[in-house]
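Structure data follow from model_16.cif (mmCIF, C-alpha atoms):
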```cif
data_model
loop_
_atom_site.group_PDB
_atom_site.id
_atom_site.type_symbol
_atom_site.label_atom_id
_atom_site.label_comp_id
_atom_site.auth_asym_id
_atom_site.auth_seq_id
_atom_site.Cartn_x
_atom_site.Cartn_y
_atom_site.Cartn_z
ATOM 1 C CA MET A 1 -132.427 147.861 -100.308
ATOM 2 C CA THR A 2 -131.244 144.659 -98.611
ATOM 3 C CA PRO A 3 -127.443 144.748 -98.117
ATOM 4 C CA LEU A 4 -125.439 142.342 -100.248
ATOM 5 C CA ARG A 5 -124.102 139.194 -98.608
ATOM 6 C CA HIS A 6 -120.315 139.143 -98.825
ATOM 7 C CA ALA A 7 -117.957 136.197 -98.404
ATOM 8 C CA ILE A 8 -114.196 136.651 -98.033
ATOM 9 C CA LEU A 9 -111.890 133.830 -99.149
ATOM 10 C CA GLY A 10 -108.485 134.606 -97.681
ATOM 11 C CA VAL A 11 -108.564 136.600 -94.444
ATOM 12 C CA GLY A 12 -105.066 138.070 -94.578
ATOM 13 C CA GLY A 13 -104.221 141.745 -94.791
ATOM 14 C CA VAL A 14 -106.417 142.562 -97.780
ATOM 15 C CA GLY A 15 -109.217 140.123 -96.986
ATOM 16 C CA GLY A 16 -109.342 141.200 -93.367
ATOM 17 C CA LEU A 17 -109.483 144.857 -94.366
ATOM 18 C CA MET A 18 -112.334 144.167 -96.793
ATOM 19 C CA ALA A 19 -114.199 142.045 -94.220
ATOM 20 C CA ALA A 20 -113.935 144.716 -91.529
ATOM 21 C CA CYS A 21 -114.928 147.603 -93.771
ATOM 22 C CA LEU A 22 -117.805 145.792 -95.487
ATOM 23 C CA ALA A 23 -119.188 144.733 -92.116
ATOM 24 C CA LYS A 24 -118.769 148.270 -90.768
ATOM 25 C CA CYS A 25 -120.841 149.467 -93.740
ATOM 26 C CA GLY A 26 -123.680 147.220 -92.538
ATOM 27 C CA SER A 27 -123.350 144.210 -94.828
ATOM 28 C CA PRO A 28 -123.417 140.622 -93.569
ATOM 29 C CA VAL A 29 -119.909 139.210 -93.989
ATOM 30 C CA SER A 30 -118.704 135.601 -93.844
ATOM 31 C CA VAL A 31 -114.997 134.833 -93.645
ATOM 32 C CA VAL A 32 -113.849 131.512 -95.066
ATOM 33 C CA VAL A 33 -111.020 129.949 -93.081
ATOM 34 C CA ARG A 34 -109.249 126.618 -93.069
ATOM 35 C CA PRO A 35 -111.221 123.908 -91.198
ATOM 36 C CA GLU A 36 -108.582 123.636 -88.489
ATOM 37 C CA MET A 37 -108.918 127.397 -87.836
ATOM 38 C CA LEU A 38 -112.700 127.463 -87.622
ATOM 39 C CA ASP A 39 -112.943 127.188 -83.838
ATOM 40 C CA ARG A 40 -109.930 129.409 -83.222
ATOM 41 C CA PHE A 41 -110.815 132.306 -85.500
ATOM 42 C CA PRO A 42 -112.366 135.169 -83.488
ATOM 43 C CA GLU A 43 -116.018 136.105 -83.862
ATOM 44 C CA GLN A 44 -114.982 139.665 -84.654
ATOM 45 C CA VAL A 45 -112.468 141.207 -87.032
ATOM 46 C CA GLN A 46 -110.385 143.952 -85.435
ATOM 47 C CA LEU A 47 -109.051 146.736 -87.676
ATOM 48 C CA GLU A 48 -106.453 149.411 -86.952
ATOM 49 C CA SER A 49 -106.585 151.931 -89.778
ATOM 50 C CA ALA A 50 -106.508 155.559 -90.781
ATOM 51 C CA PHE A 51 -110.182 154.882 -91.519
ATOM 52 C CA GLY A 52 -110.784 154.145 -87.825
ATOM 53 C CA ASN A 53 -110.005 151.557 -85.147
ATOM 54 C CA PHE A 54 -112.895 149.183 -84.561
ATOM 55 C CA SER A 55 -114.064 145.587 -84.223
ATOM 56 C CA VAL A 56 -117.023 144.166 -86.128
ATOM 57 C CA PRO A 57 -118.762 140.768 -85.948
ATOM 58 C CA VAL A 58 -118.410 138.321 -88.847
ATOM 59 C CA SER A 59 -119.644 134.819 -89.554
ATOM 60 C CA ARG A 60 -117.090 132.048 -89.964
ATOM 61 C CA ALA A 61 -117.193 129.103 -92.356
ATOM 62 C CA ALA A 62 -114.867 126.412 -93.684
ATOM 63 C CA GLN A 63 -116.594 126.450 -97.089
ATOM 64 C CA VAL A 64 -117.849 129.376 -99.124
ATOM 65 C CA PRO A 65 -121.488 129.984 -98.104
ATOM 66 C CA PRO A 66 -124.203 131.346 -100.426
ATOM 67 C CA ALA A 67 -123.242 134.943 -101.203
ATOM 68 C CA ASP A 68 -123.970 137.795 -103.548
ATOM 69 C CA VAL A 69 -120.265 138.584 -103.781
ATOM 70 C CA LEU A 70 -117.273 136.343 -103.147
ATOM 71 C CA TRP A 71 -114.095 138.372 -102.712
ATOM 72 C CA ILE A 72 -111.011 136.205 -103.313
ATOM 73 C CA THR A 73 -108.073 137.762 -101.482
ATOM 74 C CA VAL A 74 -105.508 134.973 -101.182
ATOM 75 C CA LYS A 75 -101.952 135.083 -102.506
ATOM 76 C CA ALA A 76 -101.669 133.986 -106.123
ATOM 77 C CA THR A 77 -99.537 131.056 -104.941
ATOM 78 C CA GLN A 78 -102.437 129.890 -102.743
ATOM 79 C CA LEU A 79 -105.289 130.229 -105.248
ATOM 80 C CA GLU A 80 -105.620 126.624 -106.358
ATOM 81 C CA ALA A 81 -105.711 125.273 -102.805
ATOM 82 C CA ALA A 82 -108.115 127.984 -101.648
ATOM 83 C CA LEU A 83 -110.652 127.218 -104.377
ATOM 84 C CA THR A 84 -111.332 123.798 -102.842
ATOM 85 C CA ALA A 85 -113.488 125.730 -100.344
ATOM 86 C CA LEU A 86 -115.790 126.842 -103.167
ATOM 87 C CA THR A 87 -117.781 123.621 -103.348
ATOM 88 C CA LYS A 88 -121.015 125.182 -104.642
ATOM 89 C CA PRO A 89 -120.106 127.950 -107.087
ATOM 90 C CA GLU A 90 -123.721 128.127 -108.229
ATOM 91 C CA SER A 91 -124.597 129.629 -104.822
ATOM 92 C CA VAL A 92 -122.382 132.667 -105.490
ATOM 93 C CA THR A 93 -123.695 135.451 -107.726
ATOM 94 C CA ALA A 94 -120.349 137.111 -108.512
ATOM 95 C CA ILE A 95 -116.664 136.494 -107.864
ATOM 96 C CA VAL A 96 -114.368 139.504 -107.405
ATOM 97 C CA PRO A 97 -110.688 138.514 -107.167
ATOM 98 C CA LEU A 98 -108.262 140.990 -105.577
ATOM 99 C CA LEU A 99 -105.129 139.026 -106.397
ATOM 100 C CA ASN A 100 -101.865 140.386 -107.697
ATOM 101 C CA GLY A 101 -101.244 139.859 -111.403
ATOM 102 C CA ILE A 102 -103.527 139.115 -114.337
ATOM 103 C CA ASP A 103 -103.434 135.393 -115.110
ATOM 104 C CA HIS A 104 -105.863 134.459 -112.325
ATOM 105 C CA LEU A 105 -108.737 135.975 -114.321
ATOM 106 C CA ALA A 106 -108.415 133.360 -117.063
ATOM 107 C CA VAL A 107 -108.155 130.589 -114.457
ATOM 108 C CA LEU A 108 -111.303 131.699 -112.613
ATOM 109 C CA ARG A 109 -113.303 132.362 -115.776
ATOM 110 C CA GLY A 110 -112.331 128.963 -117.129
ATOM 111 C CA LYS A 111 -113.666 127.300 -113.982
ATOM 112 C CA TYR A 112 -116.733 129.417 -113.190
ATOM 113 C CA GLY A 113 -117.676 131.272 -116.378
ATOM 114 C CA ALA A 114 -116.713 134.673 -117.742
ATOM 115 C CA GLU A 115 -119.855 136.493 -116.613
ATOM 116 C CA LYS A 116 -119.475 135.469 -112.955
ATOM 117 C CA VAL A 117 -115.948 136.864 -112.552
ATOM 118 C CA ILE A 118 -115.611 140.657 -112.201
ATOM 119 C CA ALA A 119 -112.082 142.020 -112.681
ATOM 120 C CA ALA A 120 -110.798 144.269 -109.899
ATOM 121 C CA THR A 121 -107.592 145.478 -108.276
ATOM 122 C CA ILE A 122 -106.658 146.937 -104.918
ATOM 123 C CA ALA A 123 -103.606 149.006 -103.973
ATOM 124 C CA VAL A 124 -102.969 149.055 -100.235
ATOM 125 C CA GLU A 125 -100.520 148.038 -97.516
ATOM 126 C CA SER A 126 -102.459 145.985 -95.016
ATOM 127 C CA GLU A 127 -101.205 143.194 -92.787
ATOM 128 C CA ARG A 128 -102.678 140.472 -90.594
ATOM 129 C CA VAL A 129 -100.799 140.582 -87.294
ATOM 130 C CA ALA A 130 -102.926 137.846 -85.670
ATOM 131 C CA PRO A 131 -106.013 135.878 -86.725
ATOM 132 C CA GLY A 132 -108.763 138.435 -87.250
ATOM 133 C CA HIS A 133 -106.495 141.367 -86.284
ATOM 134 C CA ILE A 134 -105.609 143.606 -89.227
ATOM 135 C CA VAL A 135 -103.332 146.644 -89.360
ATOM 136 C CA HIS A 136 -103.931 148.870 -92.385
ATOM 137 C CA ARG A 137 -100.555 150.603 -92.731
ATOM 138 C CA SER A 138 -100.918 152.785 -95.832
ATOM 139 C CA PRO A 139 -102.963 155.998 -95.585
ATOM 140 C CA PHE A 140 -104.916 154.911 -98.662
ATOM 141 C CA ALA A 141 -106.811 151.968 -100.121
ATOM 142 C CA ARG A 142 -107.506 152.217 -103.865
ATOM 143 C CA LEU A 143 -110.149 149.805 -105.147
ATOM 144 C CA ASN A 144 -110.739 149.712 -108.908
ATOM 145 C CA VAL A 145 -113.469 147.496 -110.368
ATOM 146 C CA SER A 146 -114.510 146.687 -113.911
ATOM 147 C CA SER A 147 -117.555 148.624 -115.039
ATOM 148 C CA ALA A 148 -119.185 145.236 -115.582
ATOM 149 C CA GLY A 149 -119.717 145.195 -111.807
ATOM 150 C CA ARG A 150 -121.315 148.613 -111.524
ATOM 151 C CA SER A 151 -124.940 147.448 -111.231
ATOM 152 C CA LEU A 152 -124.124 144.915 -108.514
ATOM 153 C CA LEU A 153 -121.416 146.771 -106.601
ATOM 154 C CA GLY A 154 -122.332 150.427 -107.028
ATOM 155 C CA GLU A 155 -123.754 150.887 -103.519
ATOM 156 C CA THR A 156 -120.987 148.766 -101.984
ATOM 157 C CA LEU A 157 -118.284 150.992 -103.448
ATOM 158 C CA GLU A 158 -120.171 154.096 -102.339
ATOM 159 C CA GLY A 159 -120.136 152.781 -98.773
ATOM 160 C CA LEU A 160 -116.431 151.968 -98.903
ATOM 161 C CA GLN A 161 -115.693 155.378 -100.359
ATOM 162 C CA LYS A 162 -117.457 157.040 -97.437
ATOM 163 C CA MET A 163 -115.136 155.105 -95.111
ATOM 164 C CA GLY A 164 -112.034 156.442 -96.873
ATOM 165 C CA PHE A 165 -111.427 154.103 -99.829
ATOM 166 C CA GLU A 166 -110.724 155.579 -103.241
ATOM 167 C CA CYS A 167 -113.058 153.644 -105.559
ATOM 168 C CA ARG A 168 -113.474 153.742 -109.329
ATOM 169 C CA PHE A 169 -115.237 151.740 -111.994
ATOM 170 C CA VAL A 170 -113.014 151.285 -115.051
ATOM 171 C CA ASP A 171 -114.402 150.546 -118.505
ATOM 172 C CA ASP A 172 -111.295 149.016 -120.109
ATOM 173 C CA GLU A 173 -110.127 145.792 -118.474
ATOM 174 C CA ALA A 174 -106.596 145.900 -119.918
ATOM 175 C CA THR A 175 -106.095 149.368 -118.471
ATOM 176 C CA LEU A 176 -107.637 148.300 -115.160
ATOM 177 C CA MET A 177 -105.344 145.320 -114.672
ATOM 178 C CA TRP A 178 -102.110 146.695 -116.148
ATOM 179 C CA SER A 179 -102.410 149.991 -114.259
ATOM 180 C CA LYS A 180 -101.693 148.040 -111.089
ATOM 181 C CA ILE A 181 -98.912 145.868 -112.520
ATOM 182 C CA VAL A 182 -96.882 148.809 -113.874
ATOM 183 C CA PHE A 183 -96.753 150.222 -110.344
ATOM 184 C CA LEU A 184 -96.725 147.036 -108.276
ATOM 185 C CA ALA A 185 -94.029 145.088 -110.144
ATOM 186 C CA PRO A 186 -91.341 147.800 -109.974
ATOM 187 C CA PHE A 187 -92.278 148.627 -106.367
ATOM 188 C CA ALA A 188 -92.308 145.001 -105.213
ATOM 189 C CA LEU A 189 -89.240 143.890 -107.162
ATOM 190 C CA SER A 190 -87.006 146.832 -106.257
ATOM 191 C CA THR A 191 -87.927 147.005 -102.553
ATOM 192 C CA THR A 192 -87.524 143.228 -102.218
ATOM 193 C CA ALA A 193 -84.232 143.031 -104.133
ATOM 194 C CA ALA A 194 -82.831 145.952 -102.134
ATOM 195 C CA ASN A 195 -84.552 145.008 -98.847
ATOM 196 C CA LYS A 196 -85.467 148.666 -98.425
ATOM 197 C CA THR A 197 -88.634 150.676 -97.900
ATOM 198 C CA VAL A 198 -89.816 152.664 -100.897
ATOM 199 C CA GLY A 199 -88.352 155.832 -99.365
ATOM 200 C CA GLU A 200 -84.968 154.183 -98.797
ATOM 201 C CA ALA A 201 -84.948 152.798 -102.339
ATOM 202 C CA LEU A 202 -85.788 156.204 -103.814
ATOM 203 C CA SER A 203 -82.978 157.789 -101.778
ATOM 204 C CA ASP A 204 -80.412 155.378 -103.252
ATOM 205 C CA PRO A 205 -79.535 156.450 -106.834
ATOM 206 C CA ASN A 206 -78.790 152.896 -107.947
ATOM 207 C CA TRP A 207 -82.069 151.409 -106.722
ATOM 208 C CA ARG A 208 -84.033 154.487 -107.790
ATOM 209 C CA ASP A 209 -82.725 154.114 -111.358
ATOM 210 C CA LEU A 210 -83.539 150.409 -111.393
ATOM 211 C CA GLY A 211 -87.056 151.009 -110.102
ATOM 212 C CA GLU A 212 -87.742 153.794 -112.587
ATOM 213 C CA GLY A 213 -86.329 151.717 -115.428
ATOM 214 C CA CYS A 214 -88.604 148.854 -114.456
ATOM 215 C CA VAL A 215 -91.613 151.218 -114.531
ATOM 216 C CA ARG A 216 -90.725 152.291 -118.077
ATOM 217 C CA GLU A 217 -90.281 148.690 -119.230
ATOM 218 C CA ALA A 218 -93.566 147.610 -117.655
ATOM 219 C CA CYS A 219 -95.425 150.527 -119.242
ATOM 220 C CA ALA A 220 -94.000 149.725 -122.687
ATOM 221 C CA VAL A 221 -95.307 146.175 -122.343
ATOM 222 C CA ALA A 222 -98.669 147.346 -121.007
ATOM 223 C CA VAL A 223 -99.166 149.712 -123.954
ATOM 224 C CA ALA A 224 -98.397 146.852 -126.339
ATOM 225 C CA GLU A 225 -101.134 144.884 -124.530
ATOM 226 C CA GLY A 226 -103.607 147.693 -125.247
ATOM 227 C CA ALA A 227 -103.578 149.390 -121.836
ATOM 228 C CA LYS A 228 -103.694 153.148 -121.461
ATOM 229 C CA VAL A 229 -100.863 153.817 -119.017
ATOM 230 C CA ASP A 230 -98.248 156.546 -118.780
ATOM 231 C CA ALA A 231 -94.816 155.984 -117.256
ATOM 232 C CA GLU A 232 -94.397 159.579 -116.085
ATOM 233 C CA SER A 233 -97.711 159.499 -114.208
ATOM 234 C CA ILE A 234 -96.726 156.230 -112.510
ATOM 235 C CA LEU A 235 -93.324 157.621 -111.532
ATOM 236 C CA ALA A 236 -94.926 160.751 -110.106
ATOM 237 C CA TRP A 237 -97.198 158.568 -107.962
ATOM 238 C CA VAL A 238 -94.250 156.455 -106.763
ATOM 239 C CA ARG A 239 -92.361 159.578 -105.692
ATOM 240 C CA ARG A 240 -95.350 160.644 -103.591
ATOM 241 C CA ALA A 241 -95.799 157.231 -101.958
ATOM 242 C CA PRO A 242 -95.407 157.057 -98.165
ATOM 243 C CA PRO A 243 -91.652 156.550 -97.634
ATOM 244 C CA ASN A 244 -92.128 153.777 -95.060
ATOM 245 C CA MET A 245 -94.187 151.558 -97.408
ATOM 246 C CA ARG A 246 -92.994 147.994 -97.842
ATOM 247 C CA SER A 247 -94.227 145.445 -100.345
ATOM 248 C CA SER A 248 -95.919 142.176 -99.442
ATOM 249 C CA MET A 249 -93.292 140.424 -101.602
ATOM 250 C CA GLN A 250 -90.572 141.885 -99.392
ATOM 251 C CA LYS A 251 -92.344 140.620 -96.275
ATOM 252 C CA ASP A 252 -92.853 137.163 -97.817
ATOM 253 C CA VAL A 253 -89.133 136.817 -98.560
ATOM 254 C CA GLU A 254 -88.217 137.968 -95.043
ATOM 255 C CA ARG A 255 -90.537 135.316 -93.578
ATOM 256 C CA GLY A 256 -89.271 132.546 -95.844
ATOM 257 C CA ASN A 257 -92.538 132.339 -97.795
ATOM 258 C CA PRO A 258 -92.572 131.927 -101.585
ATOM 259 C CA PRO A 259 -92.843 135.357 -103.239
ATOM 260 C CA GLU A 260 -95.485 136.026 -105.903
ATOM 261 C CA LEU A 261 -92.849 136.434 -108.599
ATOM 262 C CA ASP A 262 -94.739 134.679 -111.378
ATOM 263 C CA ALA A 263 -97.979 136.547 -110.670
ATOM 264 C CA ILE A 264 -96.367 139.993 -110.423
ATOM 265 C CA ALA A 265 -93.447 139.879 -112.857
ATOM 266 C CA GLY A 266 -94.571 136.974 -115.043
ATOM 267 C CA PRO A 267 -97.132 138.964 -117.088
ATOM 268 C CA ILE A 268 -94.460 141.537 -117.974
ATOM 269 C CA LEU A 269 -91.874 138.935 -118.959
ATOM 270 C CA ARG A 270 -94.288 136.819 -121.004
ATOM 271 C CA ALA A 271 -95.871 139.750 -122.830
ATOM 272 C CA ALA A 272 -92.441 141.272 -123.495
ATOM 273 C CA ALA A 273 -91.377 138.009 -125.140
ATOM 274 C CA ARG A 274 -94.539 137.974 -127.283
ATOM 275 C CA TYR A 275 -93.957 141.509 -128.553
ATOM 276 C CA GLY A 276 -90.169 141.387 -128.772
ATOM 277 C CA ILE A 277 -89.746 144.095 -126.131
ATOM 278 C CA GLU A 278 -86.473 144.114 -124.207
ATOM 279 C CA VAL A 279 -86.902 144.242 -120.413
ATOM 280 C CA PRO A 280 -83.371 143.780 -119.016
ATOM 281 C CA ILE A 281 -83.992 145.736 -115.804
ATOM 282 C CA THR A 282 -87.079 143.716 -114.924
ATOM 283 C CA LYS A 283 -85.134 140.501 -115.533
ATOM 284 C CA LYS A 284 -82.262 141.757 -113.361
ATOM 285 C CA LEU A 285 -84.624 142.569 -110.486
ATOM 286 C CA VAL A 286 -86.402 139.211 -110.792
ATOM 287 C CA ALA A 287 -83.042 137.417 -110.604
ATOM 288 C CA ALA A 288 -82.102 139.440 -107.516
ATOM 289 C CA VAL A 289 -85.378 138.529 -105.789
ATOM 290 C CA GLU A 290 -84.909 134.873 -106.713
ATOM 291 C CA GLN A 291 -81.412 134.995 -105.172
ATOM 292 C CA ARG A 292 -82.746 136.545 -101.953
ATOM 293 C CA SER A 293 -85.469 133.889 -101.827
ATOM 294 C CA LEU A 294 -83.025 130.985 -101.748
ATOM 295 C CA PRO A 295 -82.840 129.141 -98.423
ATOM 296 C CA SER A 296 -79.928 130.393 -96.350
#
```
Take the structure in this file and express it as structure tokens.
Amino acid sequence: MTPLRHAILGVGGVGGLMAACLAKCGSPVSVVVRPEMLDRFPEQVQLESAFGNFSVPVSRAAQVPPADVLWITVKATQLEAALTALTKPESVTAIVPLLNGIDHLAVLRGKYGAEKVIAATIAVESERVAPGHIVHRSPFARLNVSSAGRSLLGETLEGLQKMGFECRFVDDEATLMWSKIVFLAPFALSTTAANKTVGEALSDPNWRDLGEGCVREACAVAVAEGAKVDAESILAWVRRAPPNMRSSMQKDVERGNPPELDAIAGPILRAAARYGIEVPITKKLVAAVEQRSLPS
């Protein structure tokens, strides 16, 4: 079977990881970069990872080229600007966004149609250290995709799984999307508010209690939204997480970039308000991150 053509919109830590691994699996990969970066972006993506250290060739473009799959891997705060590169959406068979949060699905489906957009999430710590140079820092990469994408992406996920990814197709979209938020929001908010790694936060009783309380609040909201999540299972996973893990929100705040607060915490706060669920710990952590984000 002819390999799928993949385009990557957003070649940061996640996009660069996907580009490198898809190309390593033998698929043609195009990375979409800003026009001013087109001549400066390397012809190969270099990956340092538990999955292997290698460089693979990619094509470069300033606009999204014809593709079977467009992976959107920008920050939620950059989505609107990034979509200006998708000038011919009819030339793309499917769009798979790997953004934090949930609200981007409605935005993309409103613009490009519900059937074109396949829900998916990724859990990983991966960082761009230079253009085209990616360091995959976590020992795992968990890619979950809606079962609606099984026929198109089945072989792609098999290839990624052979490289070391943990891949699953998930039937229920609410469970798929909220399963990430109930882990990511407490992890990102508590590590950013405390300016600690996950191991340091877990070792501090105050921050550990805040993080665990945020998990319970997020799970209560997720269940009200129809997701099948369990707070104890999430907490058990957090306790097993690599102690040196840091969130991308934490890194954004350190670098003076706007954190993805609305994308990550917003769904919890808005759904909690709809259902009358109290989430005081989540609100406290959001306020602490907002305070840390203020210009010094």
Requested in this report: Write out as a PyMOL selection string which residues come within 10 Å of Leu153 (chain A) when counting only C-alpha atoms, dropping same-chain ones fewer than 4 positions away.
Outcome: chain A and resi 4+68-69+94+145+147-149+157-159+169
Can I get the selection written as an mmCIF file, in the coordinates of the input, with C-alpha atoms?
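File written: result17.cif
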```cif
data_model
loop_
_atom_site.group_PDB
_atom_site.id
_atom_site.type_symbol
_atom_site.label_atom_id
_atom_site.label_comp_id
_atom_site.auth_asym_id
_atom_site.auth_seq_id
_atom_site.Cartn_x
_atom_site.Cartn_y
_atom_site.Cartn_z
ATOM 1 C CA LEU A 4 -125.439 142.342 -100.248
ATOM 2 C CA ASP A 68 -123.970 137.795 -103.548
ATOM 3 C CA VAL A 69 -120.265 138.584 -103.781
ATOM 4 C CA ALA A 94 -120.349 137.111 -108.512
ATOM 5 C CA VAL A 145 -113.469 147.496 -110.368
ATOM 6 C CA SER A 147 -117.555 148.624 -115.039
ATOM 7 C CA ALA A 148 -119.185 145.236 -115.582
ATOM 8 C CA GLY A 149 -119.717 145.195 -111.807
ATOM 9 C CA LEU A 157 -118.284 150.992 -103.448
ATOM 10 C CA GLU A 158 -120.171 154.096 -102.339
ATOM 11 C CA GLY A 159 -120.136 152.781 -98.773
ATOM 12 C CA PHE A 169 -115.237 151.740 -111.994
#
```
Query - Which of A:Gly52, A:Pro280, A:Gly26, A:Pro66 sits closest to Glu155 (chain A) [using all atoms listed in the file] - result: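 Checking each candidate against Glu155 (chain A), we get A:Gly26 as the closest.
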List the residues selected by the PyMOL selection byres ((chain A and resi 103) around 10) in the file shown, writing them as a PDB file with C-alpha atoms, keeping the file's coordinate frame.
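Just written: expr-v1.pdb:
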```
ATOM      1  CA  ALA A  76    -101.669 133.986-106.123  1.00  0.00           C
ATOM      2  CA  LEU A  99    -105.129 139.026-106.397  1.00  0.00           C
ATOM      3  CA  ASN A 100    -101.865 140.386-107.697  1.00  0.00           C
ATOM      4  CA  GLY A 101    -101.244 139.859-111.403  1.00  0.00           C
ATOM      5  CA  ILE A 102    -103.527 139.115-114.337  1.00  0.00           C
ATOM      6  CA  HIS A 104    -105.863 134.459-112.325  1.00  0.00           C
ATOM      7  CA  LEU A 105    -108.737 135.975-114.321  1.00  0.00           C
ATOM      8  CA  ALA A 106    -108.415 133.360-117.063  1.00  0.00           C
ATOM      9  CA  VAL A 107    -108.155 130.589-114.457  1.00  0.00           C
ATOM     10  CA  LEU A 108    -111.303 131.699-112.613  1.00  0.00           C
ATOM     11  CA  ASP A 262     -94.739 134.679-111.378  1.00  0.00           C
ATOM     12  CA  ALA A 263     -97.979 136.547-110.670  1.00  0.00           C
ATOM     13  CA  ILE A 264     -96.367 139.993-110.423  1.00  0.00           C
ATOM     14  CA  GLY A 266     -94.571 136.974-115.043  1.00  0.00           C
ATOM     15  CA  PRO A 267     -97.132 138.964-117.088  1.00  0.00           C
TER      16      PRO A 267
END
```
Once you count only C-alpha atoms, what closest atom pair and distance in Å to one decimal does each residue of region 60-177 of chain A within 12 Å of region 14-18 of chain A have, with rows by chain and rising residue number, as JSON lines?
```
{"residue": "A:Val69", "atom": "CA", "partner": "A:Met18", "partner_atom": "CA", "distance": 12.0}
{"residue": "A:Leu70", "atom": "CA", "partner": "A:Gly15", "partner_atom": "CA", "distance": 10.8}
{"residue": "A:Trp71", "atom": "CA", "partner": "A:Gly15", "partner_atom": "CA", "distance": 7.7}
{"residue": "A:Ile72", "atom": "CA", "partner": "A:Gly15", "partner_atom": "CA", "distance": 7.7}
{"residue": "A:Thr73", "atom": "CA", "partner": "A:Gly15", "partner_atom": "CA", "distance": 5.2}
{"residue": "A:Val74", "atom": "CA", "partner": "A:Gly15", "partner_atom": "CA", "distance": 7.6}
{"residue": "A:Lys75", "atom": "CA", "partner": "A:Val14", "partner_atom": "CA", "distance": 9.9}
{"residue": "A:Val96", "atom": "CA", "partner": "A:Gly15", "partner_atom": "CA", "distance": 11.6}
{"residue": "A:Pro97", "atom": "CA", "partner": "A:Gly15", "partner_atom": "CA", "distance": 10.4}
{"residue": "A:Leu98", "atom": "CA", "partner": "A:Val14", "partner_atom": "CA", "distance": 8.2}
{"residue": "A:Leu99", "atom": "CA", "partner": "A:Val14", "partner_atom": "CA", "distance": 9.4}
{"residue": "A:Asn100", "atom": "CA", "partner": "A:Val14", "partner_atom": "CA", "distance": 11.1}
{"residue": "A:Thr121", "atom": "CA", "partner": "A:Val14", "partner_atom": "CA", "distance": 11.0}
{"residue": "A:Ile122", "atom": "CA", "partner": "A:Val14", "partner_atom": "CA", "distance": 8.4}
{"residue": "A:Ala123", "atom": "CA", "partner": "A:Val14", "partner_atom": "CA", "distance": 9.4}
{"residue": "A:Val124", "atom": "CA", "partner": "A:Val14", "partner_atom": "CA", "distance": 7.8}
{"residue": "A:Glu125", "atom": "CA", "partner": "A:Val14", "partner_atom": "CA", "distance": 8.1}
{"residue": "A:Ser126", "atom": "CA", "partner": "A:Val14", "partner_atom": "CA", "distance": 5.9}
{"residue": "A:Glu127", "atom": "CA", "partner": "A:Val14", "partner_atom": "CA", "distance": 7.2}
{"residue": "A:Arg128", "atom": "CA", "partner": "A:Gly16", "partner_atom": "CA", "distance": 7.3}
{"residue": "A:Val129", "atom": "CA", "partner": "A:Gly16", "partner_atom": "CA", "distance": 10.5}
{"residue": "A:Ala130", "atom": "CA", "partner": "A:Gly16", "partner_atom": "CA", "distance": 10.6}
{"residue": "A:Pro131", "atom": "CA", "partner": "A:Gly16", "partner_atom": "CA", "distance": 9.1}
{"residue": "A:Gly132", "atom": "CA", "partner": "A:Gly16", "partner_atom": "CA", "distance": 6.7}
{"residue": "A:His133", "atom": "CA", "partner": "A:Gly16", "partner_atom": "CA", "distance": 7.6}
{"residue": "A:Ile134", "atom": "CA", "partner": "A:Gly16", "partner_atom": "CA", "distance": 6.1}
{"residue": "A:Val135", "atom": "CA", "partner": "A:Leu17", "partner_atom": "CA", "distance": 8.1}
{"residue": "A:His136", "atom": "CA", "partner": "A:Leu17", "partner_atom": "CA", "distance": 7.1}
{"residue": "A:Arg137", "atom": "CA", "partner": "A:Leu17", "partner_atom": "CA", "distance": 10.7}
{"residue": "A:Ser138", "atom": "CA", "partner": "A:Leu17", "partner_atom": "CA", "distance": 11.8}
{"residue": "A:Phe140", "atom": "CA", "partner": "A:Leu17", "partner_atom": "CA", "distance": 11.8}
{"residue": "A:Ala141", "atom": "CA", "partner": "A:Leu17", "partner_atom": "CA", "distance": 9.5}
{"residue": "A:Arg142", "atom": "CA", "partner": "A:Val14", "partner_atom": "CA", "distance": 11.5}
{"residue": "A:Leu143", "atom": "CA", "partner": "A:Met18", "partner_atom": "CA", "distance": 10.3}
{"residue": "A:Thr156", "atom": "CA", "partner": "A:Met18", "partner_atom": "CA", "distance": 11.1}
{"residue": "A:Leu157", "atom": "CA", "partner": "A:Met18", "partner_atom": "CA", "distance": 11.2}
{"residue": "A:Gly159", "atom": "CA", "partner": "A:Met18", "partner_atom": "CA", "distance": 11.8}
{"residue": "A:Leu160", "atom": "CA", "partner": "A:Met18", "partner_atom": "CA", "distance": 9.1}
{"residue": "A:Met163", "atom": "CA", "partner": "A:Met18", "partner_atom": "CA", "distance": 11.4}
{"residue": "A:Phe165", "atom": "CA", "partner": "A:Met18", "partner_atom": "CA", "distance": 10.4}
```
Report task. Might you spell out which residues the PyMOL selection byres ((chain A and resi 61) around 10) would select in the displayed file, as a PyMOL selection string? Result -> chain A and resi 7-9+30-35+37-39+41+58-60+62-65+85
